[in-house]
Amino acid sequence: MLIVGLGNPGAKYSKTRHNIGFMAVDHVAEANSIALSKSNFKSLWGKGSIAGKEVILLKPQTYMNLSGEAVQGISGYFHIEPKDILVIYDDIDLEFGSVRIRPGGGSGGHRGMASIIEHLGANDFPRIRLGIGRPKEKQQGDVADYVLNSFTPDEKDVLNQMLDRAKDVVDAILKDGIEKAMNKFN
């Protein structure tokens with residue numbers, strides 16, 4: 001299985017809400033001693049084993065809106081079907097801290113997901129949506145500014161819990177399949 005975390009490359013974006021997909025893949029990699037040390041396919045990636053299954057963990061380095069280029073490149077090279085690609089990404093429409101699994105569907109307005117759907121020519125791949133919430137009323141303004149801001153110190157505990165839960169969801173999907181994982185975690 002190819003497990004993709006969405007985000008933007010570089011230190012400037014590393015701790016932002018939009019990079020929670022990268023954070024989740026890093027968390028999964030660390031928990032399973034998988035080094036993301038390979039740098040090609042417009043990505044940072046590594047191979048390893050989780051729950052007895054061979055996996056590739058991937059962080060596209062194309063910037064969010066072009067994530068599909070990286071996913072298409074590596075999935076084509078390794079002959080990975082869309083149904084065997086799991087994408088982890090931020091969702092502004094979910095309450096901060098929530099984690100939801102979907103077996104497929106549209107992009108929901110997420111440009112990284114739209115790019116992957118476009119490049120794969122399919123939307124029937126599983127995904128884990130990590131809730132980052134919407135800006136508070138007093139913070140209303142450009143949503144792009146909100147997602148490109150870092151988590152606040154008050155949000156760190158919930159963020160860490162969400163990353164732990166995302167790791168548990170990945171484990172459950174690999175061990176028991178998407179349907180059982182959805183019944184357990186959604």
# chains A, B, ... in the order shown; residues from 1 in each chain; ligands from 1

$ residues_around --residues "region 60-62 of chain A" --least-positions-apart "6" --cutoff "8 Å" --atoms "only C-alpha atoms" --output "JSON, numbers by chain"
{"A": [4, 5, 6, 7, 8, 9, 42, 43, 44, 69, 70, 71]}

$ select_by_dssp --residues "chain A" --states "strand (DSSP E or B)" --output "PyMOL selection string"
chain A and resi 2-5+16+38-40+43-50+53-60+85-91+99-102+127-131+150

$ write_last_selection --atoms "N, CA and C atoms" --output "compact mmCIF listing (two decimals), in the first residue's frame"
# COMPACT_ATOMS: atom_id res chain seq x y z
N LEU A 2 0.47 2.23 -0.76
CA LEU A 2 1.11 3.53 -0.79
C LEU A 2 0.34 4.45 0.16
N ILE A 3 1.03 5.00 1.15
CA ILE A 3 0.40 5.90 2.12
C ILE A 3 0.99 7.28 1.90
N VAL A 4 0.13 8.21 1.51
CA VAL A 4 0.54 9.55 1.12
C VAL A 4 0.05 10.57 2.15
N GLY A 5 0.95 11.39 2.63
CA GLY A 5 0.57 12.52 3.47
C GLY A 5 0.71 13.79 2.66
N THR A 16 2.45 23.99 9.83
CA THR A 16 1.16 24.60 9.53
C THR A 16 0.03 23.58 9.47
N LYS A 38 14.48 8.41 0.78
CA LYS A 38 14.60 8.41 -0.68
C LYS A 38 14.01 9.72 -1.22
N SER A 39 14.66 10.25 -2.24
CA SER A 39 14.23 11.53 -2.80
C SER A 39 14.19 11.45 -4.32
N ASN A 40 13.06 10.97 -4.82
CA ASN A 40 12.78 11.01 -6.25
C ASN A 40 11.27 10.90 -6.42
N SER A 43 9.29 13.51 -4.56
CA SER A 43 8.82 13.16 -3.22
C SER A 43 9.97 12.79 -2.30
N LEU A 44 9.66 12.80 -1.01
CA LEU A 44 10.45 12.11 0.00
C LEU A 44 9.67 10.87 0.34
N TRP A 45 10.33 9.72 0.39
CA TRP A 45 9.59 8.49 0.63
C TRP A 45 10.49 7.42 1.22
N GLY A 46 9.84 6.38 1.71
CA GLY A 46 10.56 5.24 2.25
C GLY A 46 9.68 4.01 2.23
N LYS A 47 10.32 2.85 2.22
CA LYS A 47 9.61 1.56 2.23
C LYS A 47 9.79 0.91 3.59
N GLY A 48 8.77 0.15 3.99
CA GLY A 48 8.87 -0.58 5.24
C GLY A 48 7.68 -1.50 5.39
N SER A 49 7.46 -1.91 6.64
CA SER A 49 6.39 -2.84 6.94
C SER A 49 5.57 -2.31 8.11
N ILE A 50 4.26 -2.38 7.96
CA ILE A 50 3.33 -2.01 9.04
C ILE A 50 2.29 -3.12 9.10
N LYS A 53 2.43 -5.81 6.56
CA LYS A 53 2.21 -5.48 5.15
C LYS A 53 3.30 -4.51 4.67
N GLU A 54 3.75 -4.74 3.44
CA GLU A 54 4.72 -3.84 2.83
C GLU A 54 4.04 -2.53 2.47
N VAL A 55 4.69 -1.43 2.83
CA VAL A 55 4.12 -0.11 2.54
C VAL A 55 5.20 0.81 1.99
N ILE A 56 4.73 1.82 1.30
CA ILE A 56 5.56 2.96 0.91
C ILE A 56 4.91 4.17 1.55
N LEU A 57 5.68 4.93 2.31
CA LEU A 57 5.21 6.19 2.89
C LEU A 57 5.76 7.31 2.02
N LEU A 58 4.91 8.28 1.69
CA LEU A 58 5.26 9.30 0.70
C LEU A 58 4.85 10.69 1.15
N LYS A 59 5.76 11.64 0.97
CA LYS A 59 5.46 13.06 1.18
C LYS A 59 5.81 13.80 -0.12
N PRO A 60 4.80 14.12 -0.96
CA PRO A 60 5.09 14.84 -2.20
C PRO A 60 5.81 16.16 -1.92
N ILE A 85 -3.95 2.99 -2.55
CA ILE A 85 -3.34 4.27 -2.18
C ILE A 85 -4.20 4.88 -1.07
N LEU A 86 -3.58 5.19 0.05
CA LEU A 86 -4.25 5.82 1.18
C LEU A 86 -3.69 7.23 1.33
N VAL A 87 -4.57 8.23 1.28
CA VAL A 87 -4.13 9.63 1.35
C VAL A 87 -4.59 10.23 2.69
N ILE A 88 -3.67 10.89 3.36
CA ILE A 88 -3.95 11.55 4.64
C ILE A 88 -3.80 13.05 4.43
N TYR A 89 -4.85 13.80 4.80
CA TYR A 89 -4.81 15.23 4.52
C TYR A 89 -5.70 16.02 5.49
N ASP A 90 -5.49 17.32 5.49
CA ASP A 90 -6.24 18.24 6.34
C ASP A 90 -7.63 18.49 5.76
N ASP A 91 -8.60 18.67 6.66
CA ASP A 91 -9.96 18.99 6.23
C ASP A 91 -10.50 20.12 7.10
N VAL A 99 -11.04 12.78 13.26
CA VAL A 99 -10.42 11.95 12.25
C VAL A 99 -11.52 11.15 11.57
N ARG A 100 -11.58 11.19 10.25
CA ARG A 100 -12.62 10.47 9.51
C ARG A 100 -11.98 9.69 8.36
N ILE A 101 -12.52 8.51 8.14
CA ILE A 101 -12.06 7.64 7.06
C ILE A 101 -13.13 7.63 5.98
N ARG A 102 -12.71 7.70 4.73
CA ARG A 102 -13.64 7.56 3.60
C ARG A 102 -13.03 6.59 2.60
N ARG A 127 -9.09 7.41 2.06
CA ARG A 127 -8.43 8.60 2.60
C ARG A 127 -8.76 8.76 4.07
N ILE A 128 -7.85 9.42 4.76
CA ILE A 128 -8.03 9.78 6.16
C ILE A 128 -8.03 11.30 6.21
N ARG A 129 -9.15 11.84 6.67
CA ARG A 129 -9.31 13.30 6.76
C ARG A 129 -9.06 13.72 8.20
N LEU A 130 -8.16 14.66 8.39
CA LEU A 130 -7.81 15.16 9.72
C LEU A 130 -8.39 16.56 9.89
N GLY A 131 -9.27 16.70 10.86
CA GLY A 131 -9.98 17.96 11.06
C GLY A 131 -9.09 19.05 11.62
N SER A 150 0.56 28.21 11.71
CA SER A 150 0.93 27.11 12.59
C SER A 150 -0.15 26.87 13.63

$ closest_residue --among "A:Phe78, A:Tyr63, A:Phe96, A:Phe185" --to "Ser14 (chain A)" --atoms "only C-alpha atoms"
A:Tyr63

$ residues_around --residues "Glu118 (chain A)" --least-positions-apart "5" --cutoff "9 Å" --atoms "only C-alpha atoms" --output "MDAnalysis selection string"
chainID A and resid 68 113 123

$ atom_distance --atom1 "CA of Val170 (chain A)" --atom2 "CA of His110 (chain A)"
20.9 Å

$ atom_distance --atom1 "CA of Ser107 (chain A)" --atom2 "CA of Ala122 (chain A)"
11.1 Å

$ closest_residue --among "A:Ile116, A:Pro103, A:Val25, A:Gly52" --to "Ser75 (chain A)" --atoms "only C-alpha atoms"
A:Ile116

$ residues_around --residues "Ser115 (chain A)" --least-positions-apart "4" --cutoff "8 Å" --atoms "only C-alpha atoms" --output "CSV table (one decimal) with N, CA and C atoms, in the first residue's frame"
chain,number,residue,atom,x,y,z
A,65,ASN,N,-0.9,21.8,-4.5
A,65,ASN,CA,-1.8,21.8,-5.6
A,65,ASN,C,-1.3,20.9,-6.8
A,66,LEU,N,-0.1,20.4,-6.7
A,66,LEU,CA,0.5,19.5,-7.7
A,66,LEU,C,0.8,18.1,-7.1
A,67,SER,N,0.2,17.8,-6.0
A,67,SER,CA,0.5,16.5,-5.3
A,67,SER,C,0.3,15.3,-6.2
A,68,GLY,N,-0.7,15.4,-7.1
A,68,GLY,CA,-1.0,14.3,-8.0
A,68,GLY,C,0.2,13.9,-8.9
A,69,GLU,N,1.1,14.8,-9.2
A,69,GLU,CA,2.2,14.5,-10.1
A,69,GLU,C,3.1,13.5,-9.3
A,111,ARG,N,-7.4,21.2,-2.9
A,111,ARG,CA,-6.7,21.2,-4.2
A,111,ARG,C,-5.7,20.0,-4.3
A,119,HIS,N,-4.8,13.3,-11.7
A,119,HIS,CA,-3.6,12.6,-12.2
A,119,HIS,C,-3.8,11.1,-12.2

$ select_by_dssp --residues "region 10-153 of chain A" --states "alpha helix (DSSP H)" --output "JSON list (two decimals) with N, CA, C and O atoms, in the first residue's frame"
[["chain", "number", "residue", "atom", "x", "y", "z"],
["A", 20, "ILE", "N", -0.61, 18.89, 8.04],
["A", 20, "ILE", "CA", -0.90, 17.82, 8.99],
["A", 20, "ILE", "C", -0.78, 16.43, 8.34],
["A", 20, "ILE", "O", -0.46, 15.45, 9.00],
["A", 21, "GLY", "N", -0.97, 16.35, 7.03],
["A", 21, "GLY", "CA", -0.76, 15.08, 6.33],
["A", 21, "GLY", "C", 0.71, 14.65, 6.40],
["A", 21, "GLY", "O", 1.01, 13.48, 6.63],
["A", 22, "PHE", "N", 1.63, 15.60, 6.20],
["A", 22, "PHE", "CA", 3.05, 15.32, 6.36],
["A", 22, "PHE", "C", 3.34, 14.88, 7.80],
["A", 22, "PHE", "O", 4.08, 13.94, 8.03],
["A", 23, "MET", "N", 2.77, 15.62, 8.76],
["A", 23, "MET", "CA", 3.00, 15.29, 10.18],
["A", 23, "MET", "C", 2.54, 13.87, 10.49],
["A", 23, "MET", "O", 3.22, 13.13, 11.21],
["A", 24, "ALA", "N", 1.39, 13.49, 9.93],
["A", 24, "ALA", "CA", 0.85, 12.15, 10.17],
["A", 24, "ALA", "C", 1.76, 11.08, 9.58],
["A", 24, "ALA", "O", 2.03, 10.06, 10.23],
["A", 25, "VAL", "N", 2.24, 11.28, 8.36],
["A", 25, "VAL", "CA", 3.15, 10.31, 7.74],
["A", 25, "VAL", "C", 4.45, 10.23, 8.53],
["A", 25, "VAL", "O", 4.99, 9.13, 8.76],
["A", 26, "ASP", "N", 4.96, 11.36, 8.99],
["A", 26, "ASP", "CA", 6.16, 11.34, 9.83],
["A", 26, "ASP", "C", 5.91, 10.54, 11.11],
["A", 26, "ASP", "O", 6.78, 9.77, 11.55],
["A", 27, "HIS", "N", 4.75, 10.71, 11.71],
["A", 27, "HIS", "CA", 4.38, 10.01, 12.94],
["A", 27, "HIS", "C", 4.29, 8.49, 12.69],
["A", 27, "HIS", "O", 4.81, 7.69, 13.48],
["A", 28, "VAL", "N", 3.67, 8.11, 11.59],
["A", 28, "VAL", "CA", 3.57, 6.69, 11.21],
["A", 28, "VAL", "C", 4.97, 6.13, 10.93],
["A", 28, "VAL", "O", 5.30, 5.02, 11.36],
["A", 29, "ALA", "N", 5.79, 6.89, 10.22],
["A", 29, "ALA", "CA", 7.15, 6.45, 9.90],
["A", 29, "ALA", "C", 7.97, 6.22, 11.16],
["A", 29, "ALA", "O", 8.63, 5.18, 11.31],
["A", 30, "GLU", "N", 7.90, 7.17, 12.08],
["A", 30, "GLU", "CA", 8.66, 7.05, 13.32],
["A", 30, "GLU", "C", 8.19, 5.85, 14.15],
["A", 30, "GLU", "O", 9.01, 5.08, 14.66],
["A", 31, "ALA", "N", 6.88, 5.66, 14.25],
["A", 31, "ALA", "CA", 6.33, 4.55, 15.04],
["A", 31, "ALA", "C", 6.70, 3.19, 14.47],
["A", 31, "ALA", "O", 6.73, 2.20, 15.19],
["A", 67, "SER", "N", 0.19, 17.78, -5.99],
["A", 67, "SER", "CA", 0.47, 16.50, -5.32],
["A", 67, "SER", "C", 0.25, 15.30, -6.24],
["A", 67, "SER", "O", 0.94, 14.28, -6.12],
["A", 68, "GLY", "N", -0.69, 15.40, -7.15],
["A", 68, "GLY", "CA", -1.00, 14.30, -8.05],
["A", 68, "GLY", "C", 0.18, 13.89, -8.91],
["A", 68, "GLY", "O", 0.30, 12.71, -9.28],
["A", 69, "GLU", "N", 1.06, 14.83, -9.24],
["A", 69, "GLU", "CA", 2.23, 14.49, -10.06],
["A", 69, "GLU", "C", 3.10, 13.46, -9.34],
["A", 69, "GLU", "O", 3.55, 12.48, -9.94],
["A", 70, "ALA", "N", 3.33, 13.69, -8.06],
["A", 70, "ALA", "CA", 4.16, 12.77, -7.27],
["A", 70, "ALA", "C", 3.48, 11.42, -7.08],
["A", 70, "ALA", "O", 4.10, 10.37, -7.24],
["A", 71, "VAL", "N", 2.20, 11.45, -6.76],
["A", 71, "VAL", "CA", 1.46, 10.21, -6.53],
["A", 71, "VAL", "C", 1.39, 9.40, -7.82],
["A", 71, "VAL", "O", 1.61, 8.18, -7.81],
["A", 72, "GLN", "N", 1.12, 10.05, -8.93],
["A", 72, "GLN", "CA", 1.06, 9.36, -10.22],
["A", 72, "GLN", "C", 2.42, 8.75, -10.56],
["A", 72, "GLN", "O", 2.50, 7.61, -11.03],
["A", 73, "GLY", "N", 3.49, 9.49, -10.32],
["A", 73, "GLY", "CA", 4.83, 9.01, -10.66],
["A", 73, "GLY", "C", 5.21, 7.74, -9.91],
["A", 73, "GLY", "O", 5.61, 6.74, -10.51],
["A", 74, "ILE", "N", 5.05, 7.76, -8.59],
["A", 74, "ILE", "CA", 5.47, 6.59, -7.80],
["A", 74, "ILE", "C", 4.49, 5.43, -7.94],
["A", 74, "ILE", "O", 4.90, 4.28, -8.00],
["A", 75, "SER", "N", 3.19, 5.73, -8.05],
["A", 75, "SER", "CA", 2.23, 4.64, -8.19],
["A", 75, "SER", "C", 2.39, 3.96, -9.55],
["A", 75, "SER", "O", 2.24, 2.74, -9.66],
["A", 76, "GLY", "N", 2.72, 4.73, -10.57],
["A", 76, "GLY", "CA", 2.97, 4.14, -11.88],
["A", 76, "GLY", "C", 4.22, 3.28, -11.89],
["A", 76, "GLY", "O", 4.23, 2.17, -12.42],
["A", 77, "TYR", "N", 5.28, 3.76, -11.27],
["A", 77, "TYR", "CA", 6.54, 3.03, -11.24],
["A", 77, "TYR", "C", 6.39, 1.69, -10.51],
["A", 77, "TYR", "O", 6.91, 0.66, -10.97],
["A", 111, "ARG", "N", -7.43, 21.16, -2.89],
["A", 111, "ARG", "CA", -6.70, 21.18, -4.16],
["A", 111, "ARG", "C", -5.68, 20.05, -4.29],
["A", 111, "ARG", "O", -5.43, 19.56, -5.39],
["A", 112, "GLY", "N", -5.10, 19.62, -3.20],
["A", 112, "GLY", "CA", -4.19, 18.47, -3.26],
["A", 112, "GLY", "C", -4.92, 17.21, -3.66],
["A", 112, "GLY", "O", -4.45, 16.43, -4.51],
["A", 113, "MET", "N", -6.10, 17.01, -3.09],
["A", 113, "MET", "CA", -6.91, 15.85, -3.45],
["A", 113, "MET", "C", -7.39, 15.96, -4.90],
["A", 113, "MET", "O", -7.39, 14.97, -5.62],
["A", 114, "ALA", "N", -7.77, 17.16, -5.31],
["A", 114, "ALA", "CA", -8.21, 17.35, -6.70],
["A", 114, "ALA", "C", -7.08, 16.98, -7.67],
["A", 114, "ALA", "O", -7.33, 16.35, -8.71],
["A", 115, "SER", "N", -5.87, 17.35, -7.34],
["A", 115, "SER", "CA", -4.72, 17.03, -8.19],
["A", 115, "SER", "C", -4.50, 15.52, -8.27],
["A", 115, "SER", "O", -4.24, 14.98, -9.34],
["A", 116, "ILE", "N", -4.63, 14.83, -7.14],
["A", 116, "ILE", "CA", -4.44, 13.38, -7.14],
["A", 116, "ILE", "C", -5.54, 12.71, -7.97],
["A", 116, "ILE", "O", -5.25, 11.83, -8.79],
["A", 117, "ILE", "N", -6.77, 13.12, -7.76],
["A", 117, "ILE", "CA", -7.89, 12.55, -8.53],
["A", 117, "ILE", "C", -7.67, 12.77, -10.02],
["A", 117, "ILE", "O", -7.85, 11.86, -10.84],
["A", 118, "GLU", "N", -7.25, 13.97, -10.38],
["A", 118, "GLU", "CA", -7.01, 14.29, -11.79],
["A", 118, "GLU", "C", -5.89, 13.42, -12.37],
["A", 118, "GLU", "O", -6.04, 12.83, -13.45],
["A", 119, "HIS", "N", -4.77, 13.31, -11.67],
["A", 119, "HIS", "CA", -3.63, 12.57, -12.20],
["A", 119, "HIS", "C", -3.83, 11.06, -12.21],
["A", 119, "HIS", "O", -3.30, 10.38, -13.07],
["A", 120, "LEU", "N", -4.59, 10.54, -11.26],
["A", 120, "LEU", "CA", -4.86, 9.10, -11.24],
["A", 120, "LEU", "C", -6.02, 8.74, -12.17],
["A", 120, "LEU", "O", -6.18, 7.59, -12.55],
["A", 143, "VAL", "N", -9.12, 31.93, 3.95],
["A", 143, "VAL", "CA", -8.93, 30.57, 4.44],
["A", 143, "VAL", "C", -7.49, 30.12, 4.20],
["A", 143, "VAL", "O", -6.91, 29.41, 5.02],
["A", 144, "ALA", "N", -6.88, 30.56, 3.10],
["A", 144, "ALA", "CA", -5.49, 30.19, 2.81],
["A", 144, "ALA", "C", -4.57, 30.67, 3.93],
["A", 144, "ALA", "O", -3.65, 29.94, 4.33],
["A", 145, "ASP", "N", -4.81, 31.87, 4.45],
["A", 145, "ASP", "CA", -3.99, 32.36, 5.56],
["A", 145, "ASP", "C", -4.14, 31.45, 6.78],
["A", 145, "ASP", "O", -3.17, 31.14, 7.46],
["A", 146, "TYR", "N", -5.37, 31.02, 7.04],
["A", 146, "TYR", "CA", -5.65, 30.16, 8.19],
["A", 146, "TYR", "C", -4.92, 28.83, 8.07],
["A", 146, "TYR", "O", -4.24, 28.39, 9.00],
["A", 147, "VAL", "N", -5.04, 28.15, 6.93],
["A", 147, "VAL", "CA", -4.43, 26.82, 6.80],
["A", 147, "VAL", "C", -2.91, 26.90, 6.74],
["A", 147, "VAL", "O", -2.24, 25.92, 7.05]]

$ atom_distance --atom1 "CA of Lys12 (chain A)" --atom2 "CA of Ser98 (chain A)"
25.0 Å
